[in-house]
Structures are given as structure tokens and as C-alpha cells.
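For reference, protein03.cif is printed below; it contains mmCIF, C-alpha atoms.
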```
data_final
loop_
_atom_site.label_atom_id
_atom_site.label_comp_id
_atom_site.auth_asym_id
_atom_site.auth_seq_id
_atom_site.Cartn_x
_atom_site.Cartn_y
_atom_site.Cartn_z
CA MET A 1 103.10 93.24 108.95
CA ARG A 2 106.76 92.45 108.21
CA HIS A 3 107.73 88.81 108.81
CA ILE A 4 111.08 87.05 108.68
CA LEU A 5 110.88 83.35 107.81
CA SER A 6 113.83 81.10 108.56
CA ILE A 7 113.67 77.92 106.50
CA LEU A 8 115.95 74.93 106.86
CA MET A 9 115.90 72.88 103.67
CA GLU A 10 117.83 70.28 101.73
CA ASN A 11 120.57 71.77 99.59
CA GLU A 12 119.24 70.48 96.27
CA SER A 13 118.77 71.86 92.79
CA GLY A 14 115.31 73.35 92.24
CA ALA A 15 114.32 73.43 95.92
CA MET A 16 114.62 77.21 96.15
CA SER A 17 112.44 77.78 93.09
CA ARG A 18 109.65 75.71 94.66
CA VAL A 19 109.73 77.82 97.83
CA VAL A 20 109.75 81.08 95.89
CA GLY A 21 106.99 79.74 93.63
CA LEU A 22 104.69 79.33 96.64
CA PHE A 23 105.00 83.03 97.39
CA SER A 24 104.25 84.16 93.85
CA ALA A 25 101.38 81.66 93.47
CA ARG A 26 99.71 83.23 96.52
CA ASN A 27 100.50 86.77 95.37
CA TYR A 28 102.96 87.57 98.19
CA ASN A 29 106.02 89.64 97.43
CA ILE A 30 109.44 88.64 98.76
CA ASP A 31 111.14 91.78 100.08
CA SER A 32 114.48 90.05 100.54
CA LEU A 33 115.90 86.57 100.24
CA SER A 34 119.14 85.25 101.68
CA VAL A 35 120.37 81.68 101.34
CA ALA A 36 123.57 79.77 102.11
CA PRO A 37 124.64 76.29 103.21
CA THR A 38 124.65 75.59 106.96
CA GLU A 39 127.30 73.82 109.02
CA ASP A 40 125.80 70.65 107.47
CA LYS A 41 126.58 71.01 103.73
CA THR A 42 123.49 68.96 102.81
CA LEU A 43 121.23 71.68 104.28
CA SER A 44 120.73 75.34 103.47
CA ARG A 45 119.17 78.08 105.53
CA VAL A 46 116.88 80.43 103.66
CA THR A 47 115.80 83.74 105.19
CA ILE A 48 112.82 85.39 103.53
CA VAL A 49 111.42 88.79 104.45
CA THR A 50 107.84 89.44 103.38
CA HIS A 51 104.77 91.40 104.40
CA ALA A 52 101.58 89.56 105.29
CA ASP A 53 98.89 89.52 107.95
CA ASN A 54 99.11 86.78 110.58
CA ALA A 55 96.55 84.56 108.82
CA GLY A 56 98.40 84.87 105.51
CA MET A 57 101.71 84.12 107.17
CA GLU A 58 100.28 81.04 108.84
CA GLN A 59 99.04 79.80 105.45
CA ILE A 60 102.41 80.43 103.78
CA THR A 61 104.24 78.65 106.60
CA LYS A 62 101.97 75.60 106.31
CA GLN A 63 102.41 75.45 102.52
CA VAL A 64 106.21 75.78 102.71
CA ASN A 65 106.31 73.05 105.38
CA LYS A 66 104.55 70.66 102.97
CA LEU A 67 107.42 70.81 100.46
CA ILE A 68 109.48 67.63 100.53
CA GLU A 69 112.84 69.44 100.64
CA VAL A 70 111.85 71.64 103.59
CA VAL A 71 113.02 70.35 106.96
CA LYS A 72 111.68 73.15 109.19
CA VAL A 73 110.12 76.62 108.93
CA VAL A 74 110.08 79.23 111.69
CA ASP A 75 108.54 82.70 111.66
CA LEU A 76 111.17 84.58 113.66
CA ASN A 77 108.62 87.22 114.60
CA GLU A 78 106.95 84.70 116.93
CA SER A 79 109.68 85.25 119.55
CA ARG A 80 112.85 87.25 120.11
CA TYR A 81 115.45 87.23 117.32
CA VAL A 82 118.55 88.98 116.02
CA GLU A 83 118.49 90.43 112.51
CA ARG A 84 121.34 91.80 110.40
CA GLU A 85 121.75 93.00 106.85
CA LEU A 86 124.86 94.04 104.95
CA MET A 87 124.93 97.08 102.67
CA LEU A 88 127.65 98.37 100.38
CA ILE A 89 126.93 101.91 99.27
CA LYS A 90 128.96 104.07 96.92
CA VAL A 91 128.51 107.77 97.56
CA ARG A 92 129.74 110.96 96.00
CA ALA A 93 132.38 112.40 98.32
CA ALA A 94 134.00 115.57 97.04
CA GLY A 95 134.76 118.76 98.95
CA LYS A 96 132.81 119.20 102.18
CA GLU A 97 130.78 116.02 101.47
CA ARG A 98 133.90 113.92 102.23
CA ASP A 99 133.91 114.91 105.89
CA GLU A 100 130.12 114.59 106.18
CA VAL A 101 130.12 111.04 104.77
CA LEU A 102 133.00 110.01 107.07
CA ARG A 103 131.18 111.46 110.08
CA LEU A 104 127.94 109.70 109.15
CA ALA A 105 129.72 106.37 108.53
CA ASP A 106 131.34 106.69 111.98
CA ILE A 107 127.99 107.45 113.69
CA TYR A 108 126.42 104.36 112.08
CA ARG A 109 129.52 102.22 112.77
CA GLY A 110 130.20 101.76 109.09
CA GLN A 111 133.58 101.37 107.42
CA VAL A 112 134.90 103.06 104.34
CA ILE A 113 136.23 100.13 102.28
CA ASP A 114 137.13 101.93 99.04
CA VAL A 115 138.25 105.48 98.36
CA SER A 116 138.71 107.50 95.19
CA ASP A 117 139.11 111.21 94.56
CA LYS A 118 135.36 111.64 94.22
CA THR A 119 133.75 108.64 95.96
CA TYR A 120 133.66 106.54 99.10
CA THR A 121 132.29 103.01 99.31
CA VAL A 122 130.88 102.36 102.78
CA GLU A 123 130.18 98.95 104.32
CA LEU A 124 127.41 98.98 106.89
CA THR A 125 125.84 96.15 108.87
CA GLY A 126 122.71 96.30 111.01
CA THR A 127 118.96 96.04 110.95
CA SER A 128 117.11 97.06 107.82
CA ASP A 129 115.83 100.15 109.67
CA LYS A 130 119.38 101.20 110.54
CA LEU A 131 120.49 100.92 106.91
CA ASP A 132 117.42 102.84 105.74
CA SER A 133 118.20 105.55 108.28
CA PHE A 134 121.79 105.85 107.04
CA ILE A 135 120.53 106.33 103.49
CA GLU A 136 118.01 108.97 104.61
CA ASN A 137 120.75 110.96 106.38
CA LEU A 138 123.17 111.08 103.46
CA PRO A 139 123.42 114.41 101.62
CA ASN A 140 120.81 114.71 98.82
CA GLY A 141 121.96 113.29 95.50
CA SER A 142 125.11 111.71 96.93
CA ILE A 143 124.15 108.03 96.43
CA LEU A 144 125.73 106.56 93.31
CA GLU A 145 125.10 102.83 93.86
CA THR A 146 123.66 100.58 96.57
CA VAL A 147 123.89 96.82 97.12
CA ARG A 148 122.09 95.09 100.01
CA THR A 149 122.11 91.44 101.04
CA GLY A 150 118.66 91.33 102.59
CA ALA A 151 118.01 90.35 106.18
CA ALA A 152 119.49 87.31 107.86
CA GLY A 153 118.00 86.36 111.22
CA ILE A 154 118.42 83.89 114.04
CA GLY A 155 116.49 83.26 117.25
CA ARG A 156 117.94 84.65 120.48
CA GLY A 157 119.27 82.56 123.34
CA GLU A 158 118.66 78.81 123.41
CA ARG A 159 116.20 78.85 120.49
CA ILE A 160 117.64 76.89 117.54
CA LEU A 161 116.40 75.77 114.14
CA LYS A 162 117.55 72.18 113.70
CA ILE A 163 116.21 68.90 112.37
#
```

Any chance you could give the structure as C-alpha cells?
Amino acid sequence: MRHILSILMENESGAMSRVVGLFSARNYNIDSLSVAPTEDKTLSRVTIVTHADNAGMEQITKQVNKLIEVVKVVDLNESRYVERELMLIKVRAAGKERDEVLRLADIYRGQVIDVSDKTYTVELTGTSDKLDSFIENLPNGSILETVRTGAAGIGRGERILKI
């Protein structure tokens, strides 16, 4: 099952490698990782997407919580949350493909942020499933390059991750 972990941790050198090391030591793959300082510059929020059964996820969460630099860990899947990912995708856009790519970008609420005679670069934000769907609907062989940030998530409503 896909899980999104939101980790609040001290913004210190080496802290991230210890968190990532726990995953590799237990043979869990990290599908995506996103990290940035919070409103408090001494803390960072790490969002990790991984696949594990519930028992495995519980074990990972307990192990991550034991790290000195970690302030709090939440599995966002345990309640309602909002998830977004950013993708920049460069696609071949010549001839009739130009109109098709523009139409598809509009349907998915993407923006063309760079244009050349033969390419478009599209910026798209949404859930991972939405971005995957956009890719699947592009004309065959049109993708030249893709960059994705990985998921970032936050609990809905009054739910907050604080000290």
C-alpha cells in the first residue's frame, strides 16, 4: 500500500541521511522524497512516499520517531490529507502535435512555460495519479524529458504537524 509520511525534524547536517538510512536498512524503497525548511528555520518538513503494508509502516514510523533529530512523524494516510506534486515535462510539439499538447495541457490545467519551434515545456501540478494520467494521454513518443518533485502532503482541516 502507498503511504505518505510527513516528518518534522531539526534542520541539521546529516539528519536526512539517517532517516533515509532507516528505509534502506529495512529494505524499503523511497518512491519520492521532498524536503524544505518550515516557517521555523530550525525545522524541516520531509515528505516521503513509500510502499509498505500497515505493519511495516508502523515499524518504520516507530524507528524514525526514535531518531534524535526527529520531532514528529505522521502517516498522512491515517486520515484525510491534501497531496500535490509538481512536474515539468518537455514534449515534442511539431505540426498537429502542437494543438494536441495544448489541448491536453488545458484539460489537465497545466501551463506551457517554454516554447520552441519543436517543443513545449508544460508545468503541471496535482496528485501523482493526475500527473501519471497526463503522461499516459500524451501522443506516443512525444516525451523528451520529465522532472518531478515528488509528493508533498498536509493534513486537511484543523489537523497540524507541530512540536

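With the shown file loaded, the PyMOL selection byres ((chain A and resi 48) around 8) picks out Ile4, Leu5, Ser6, Ile30, Asp31, Ser32, Leu33, Ser34, Val46, Thr47, Val49, Thr50 and Ala151 of chain A.
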
Take the PyMOL selection byres ((chain A and resi 107) around 12), run it mentally on this structure, and tell me the resulting residues as a PDB file with C-alpha atoms, keeping the file's coordinate frame.
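expr.pdb was written with the following content:
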```pdb
ATOM      1  CA  GLU A 100     130.120 114.590 106.180  1.00  0.00           C
ATOM      2  CA  VAL A 101     130.120 111.040 104.770  1.00  0.00           C
ATOM      3  CA  LEU A 102     133.000 110.010 107.070  1.00  0.00           C
ATOM      4  CA  ARG A 103     131.180 111.460 110.080  1.00  0.00           C
ATOM      5  CA  LEU A 104     127.940 109.700 109.150  1.00  0.00           C
ATOM      6  CA  ALA A 105     129.720 106.370 108.530  1.00  0.00           C
ATOM      7  CA  ASP A 106     131.340 106.690 111.980  1.00  0.00           C
ATOM      8  CA  TYR A 108     126.420 104.360 112.080  1.00  0.00           C
ATOM      9  CA  ARG A 109     129.520 102.220 112.770  1.00  0.00           C
ATOM     10  CA  GLY A 110     130.200 101.760 109.090  1.00  0.00           C
ATOM     11  CA  GLN A 111     133.580 101.370 107.420  1.00  0.00           C
ATOM     12  CA  LEU A 124     127.410  98.980 106.890  1.00  0.00           C
ATOM     13  CA  LYS A 130     119.380 101.200 110.540  1.00  0.00           C
ATOM     14  CA  SER A 133     118.200 105.550 108.280  1.00  0.00           C
ATOM     15  CA  PHE A 134     121.790 105.850 107.040  1.00  0.00           C
ATOM     16  CA  ASN A 137     120.750 110.960 106.380  1.00  0.00           C
ATOM     17  CA  LEU A 138     123.170 111.080 103.460  1.00  0.00           C
TER      18      LEU A 138
END
```

Gap from CA of Glu12 in chain A to CA of Gln59 in chain A - Å, one decimal: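 These atoms are spaced 24.1 Å apart.
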
Residues near range 63-73 of chain A, cut-off 12 Å, all atoms listed in the file, skip fewer than 2 positions along chain, as number ranges by chain: A: 4-23, 25-26, 42-48, 56-61, 75-76, 78, 160-163

Atom-to-atom span, CA of Asn54 in chain A and CA of Leu86 in chain A, Å: 27.3 Å

Contact residues around Ile154 in chain A with only C-alpha atoms at 7 Å, ignoring same-chain residues under 3 positions, as a PDB file with C-alpha atoms, keeping the file's coordinate frame:
```pdb
ATOM      1  CA  TYR A  81     115.450  87.230 117.320  1.00  0.00           C
ATOM      2  CA  VAL A  82     118.550  88.980 116.020  1.00  0.00           C
ATOM      3  CA  GLU A  83     118.490  90.430 112.510  1.00  0.00           C
TER       4      GLU A  83
END
```

Between CA of Ala52 in chain A and CA of Arg2 in chain A - distance in Å to one decimal: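 For CA of Arg2 in chain A relative to CA of Ala52 in chain A, the distance reads 6.6 Å.
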
Coordinates of range 84-95 of chain A, all heavy atoms, as a PDB file, in the first residue's frame:
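Once everything was written out, this is selection-v1.pdb:
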```
ATOM      1  N   ARG A  84       0.025  17.123  -3.351  1.00  0.00           N
ATOM      2  CA  ARG A  84       0.346  17.754  -4.626  1.00  0.00           C
ATOM      3  C   ARG A  84       1.765  17.397  -5.019  1.00  0.00           C
ATOM      4  O   ARG A  84       2.628  17.183  -4.182  1.00  0.00           O
ATOM      5  CB  ARG A  84       0.216  19.281  -4.565  1.00  0.00           C
ATOM      6  CG  ARG A  84      -1.204  19.774  -4.407  1.00  0.00           C
ATOM      7  CD  ARG A  84      -2.039  19.483  -5.643  1.00  0.00           C
ATOM      8  NE  ARG A  84      -3.384  19.930  -5.515  1.00  0.00           N
ATOM      9  CZ  ARG A  84      -4.404  19.211  -5.067  1.00  0.00           C
ATOM     10  NH1 ARG A  84      -4.208  17.971  -4.671  1.00  0.00           N
ATOM     11  NH2 ARG A  84      -5.610  19.699  -5.003  1.00  0.00           N
ATOM     12  N   GLU A  85       1.974  17.376  -6.329  1.00  0.00           N
ATOM     13  CA  GLU A  85       3.288  17.137  -6.902  1.00  0.00           C
ATOM     14  C   GLU A  85       3.427  18.073  -8.095  1.00  0.00           C
ATOM     15  O   GLU A  85       2.459  18.370  -8.780  1.00  0.00           O
ATOM     16  CB  GLU A  85       3.390  15.676  -7.342  1.00  0.00           C
ATOM     17  CG  GLU A  85       4.733  15.296  -7.910  1.00  0.00           C
ATOM     18  CD  GLU A  85       4.827  13.804  -8.257  1.00  0.00           C
ATOM     19  OE1 GLU A  85       3.954  13.028  -7.864  1.00  0.00           O
ATOM     20  OE2 GLU A  85       5.808  13.456  -8.945  1.00  0.00           O
ATOM     21  N   LEU A  86       4.635  18.529  -8.343  1.00  0.00           N
ATOM     22  CA  LEU A  86       4.915  19.396  -9.482  1.00  0.00           C
ATOM     23  C   LEU A  86       5.681  18.601 -10.527  1.00  0.00           C
ATOM     24  O   LEU A  86       6.597  17.848 -10.190  1.00  0.00           O
ATOM     25  CB  LEU A  86       5.749  20.602  -9.048  1.00  0.00           C
ATOM     26  CG  LEU A  86       6.322  21.474 -10.158  1.00  0.00           C
ATOM     27  CD1 LEU A  86       5.226  22.226 -10.893  1.00  0.00           C
ATOM     28  CD2 LEU A  86       7.331  22.450  -9.588  1.00  0.00           C
ATOM     29  N   MET A  87       5.295  18.771 -11.792  1.00  0.00           N
ATOM     30  CA  MET A  87       6.013  18.124 -12.892  1.00  0.00           C
ATOM     31  C   MET A  87       6.296  19.155 -13.974  1.00  0.00           C
ATOM     32  O   MET A  87       5.436  19.964 -14.319  1.00  0.00           O
ATOM     33  CB  MET A  87       5.178  16.983 -13.492  1.00  0.00           C
ATOM     34  CG  MET A  87       5.822  16.343 -14.707  1.00  0.00           C
ATOM     35  SD  MET A  87       4.955  14.860 -15.302  1.00  0.00           S
ATOM     36  CE  MET A  87       3.421  15.560 -15.906  1.00  0.00           C
ATOM     37  N   LEU A  88       7.527  19.135 -14.459  1.00  0.00           N
ATOM     38  CA  LEU A  88       7.900  19.866 -15.664  1.00  0.00           C
ATOM     39  C   LEU A  88       8.174  18.808 -16.713  1.00  0.00           C
ATOM     40  O   LEU A  88       8.962  17.888 -16.472  1.00  0.00           O
ATOM     41  CB  LEU A  88       9.151  20.720 -15.432  1.00  0.00           C
ATOM     42  CG  LEU A  88       9.065  21.758 -14.322  1.00  0.00           C
ATOM     43  CD1 LEU A  88      10.407  22.452 -14.150  1.00  0.00           C
ATOM     44  CD2 LEU A  88       7.975  22.770 -14.616  1.00  0.00           C
ATOM     45  N   ILE A  89       7.520  18.929 -17.857  1.00  0.00           N
ATOM     46  CA  ILE A  89       7.674  17.911 -18.893  1.00  0.00           C
ATOM     47  C   ILE A  89       7.868  18.584 -20.249  1.00  0.00           C
ATOM     48  O   ILE A  89       7.091  19.452 -20.637  1.00  0.00           O
ATOM     49  CB  ILE A  89       6.478  16.927 -18.900  1.00  0.00           C
ATOM     50  CG1 ILE A  89       6.687  15.805 -19.902  1.00  0.00           C
ATOM     51  CG2 ILE A  89       5.161  17.641 -19.102  1.00  0.00           C
ATOM     52  CD1 ILE A  89       5.733  14.630 -19.717  1.00  0.00           C
ATOM     53  N   LYS A  90       8.963  18.211 -20.900  1.00  0.00           N
ATOM     54  CA  LYS A  90       9.265  18.733 -22.223  1.00  0.00           C
ATOM     55  C   LYS A  90       8.790  17.722 -23.250  1.00  0.00           C
ATOM     56  O   LYS A  90       9.148  16.542 -23.177  1.00  0.00           O
ATOM     57  CB  LYS A  90      10.764  18.979 -22.393  1.00  0.00           C
ATOM     58  CG  LYS A  90      11.117  19.700 -23.694  1.00  0.00           C
ATOM     59  CD  LYS A  90      12.603  19.957 -23.796  1.00  0.00           C
ATOM     60  CE  LYS A  90      13.011  20.950 -22.725  1.00  0.00           C
ATOM     61  NZ  LYS A  90      14.416  21.374 -22.868  1.00  0.00           N
ATOM     62  N   VAL A  91       7.952  18.195 -24.171  1.00  0.00           N
ATOM     63  CA  VAL A  91       7.370  17.292 -25.160  1.00  0.00           C
ATOM     64  C   VAL A  91       7.613  17.810 -26.573  1.00  0.00           C
ATOM     65  O   VAL A  91       7.733  19.019 -26.799  1.00  0.00           O
ATOM     66  CB  VAL A  91       5.846  17.103 -24.941  1.00  0.00           C
ATOM     67  CG1 VAL A  91       5.571  16.400 -23.633  1.00  0.00           C
ATOM     68  CG2 VAL A  91       5.117  18.421 -24.991  1.00  0.00           C
ATOM     69  N   ARG A  92       7.704  16.867 -27.488  1.00  0.00           N
ATOM     70  CA  ARG A  92       7.818  17.189 -28.897  1.00  0.00           C
ATOM     71  C   ARG A  92       6.488  17.810 -29.319  1.00  0.00           C
ATOM     72  O   ARG A  92       5.423  17.253 -29.040  1.00  0.00           O
ATOM     73  CB  ARG A  92       8.099  15.927 -29.707  1.00  0.00           C
ATOM     74  CG  ARG A  92       8.367  16.155 -31.164  1.00  0.00           C
ATOM     75  CD  ARG A  92       8.790  14.877 -31.880  1.00  0.00           C
ATOM     76  NE  ARG A  92      10.117  14.432 -31.408  1.00  0.00           N
ATOM     77  CZ  ARG A  92      10.341  13.393 -30.628  1.00  0.00           C
ATOM     78  NH1 ARG A  92       9.341  12.651 -30.213  1.00  0.00           N
ATOM     79  NH2 ARG A  92      11.553  13.067 -30.249  1.00  0.00           N
ATOM     80  N   ALA A  93       6.548  18.949 -29.965  1.00  0.00           N
ATOM     81  CA  ALA A  93       5.328  19.632 -30.386  1.00  0.00           C
ATOM     82  C   ALA A  93       5.574  20.270 -31.751  1.00  0.00           C
ATOM     83  O   ALA A  93       5.937  21.437 -31.861  1.00  0.00           O
ATOM     84  CB  ALA A  93       4.920  20.682 -29.356  1.00  0.00           C
ATOM     85  N   ALA A  94       5.384  19.473 -32.778  1.00  0.00           N
ATOM     86  CA  ALA A  94       5.541  19.957 -34.151  1.00  0.00           C
ATOM     87  C   ALA A  94       4.304  19.535 -34.935  1.00  0.00           C
ATOM     88  O   ALA A  94       3.738  18.471 -34.689  1.00  0.00           O
ATOM     89  CB  ALA A  94       6.803  19.377 -34.780  1.00  0.00           C
ATOM     90  N   GLY A  95       3.874  20.358 -35.853  1.00  0.00           N
ATOM     91  CA  GLY A  95       2.713  20.029 -36.678  1.00  0.00           C
ATOM     92  C   GLY A  95       1.449  19.908 -35.855  1.00  0.00           C
ATOM     93  O   GLY A  95       1.166  20.726 -34.976  1.00  0.00           O
TER      94      GLY A  95
END
```
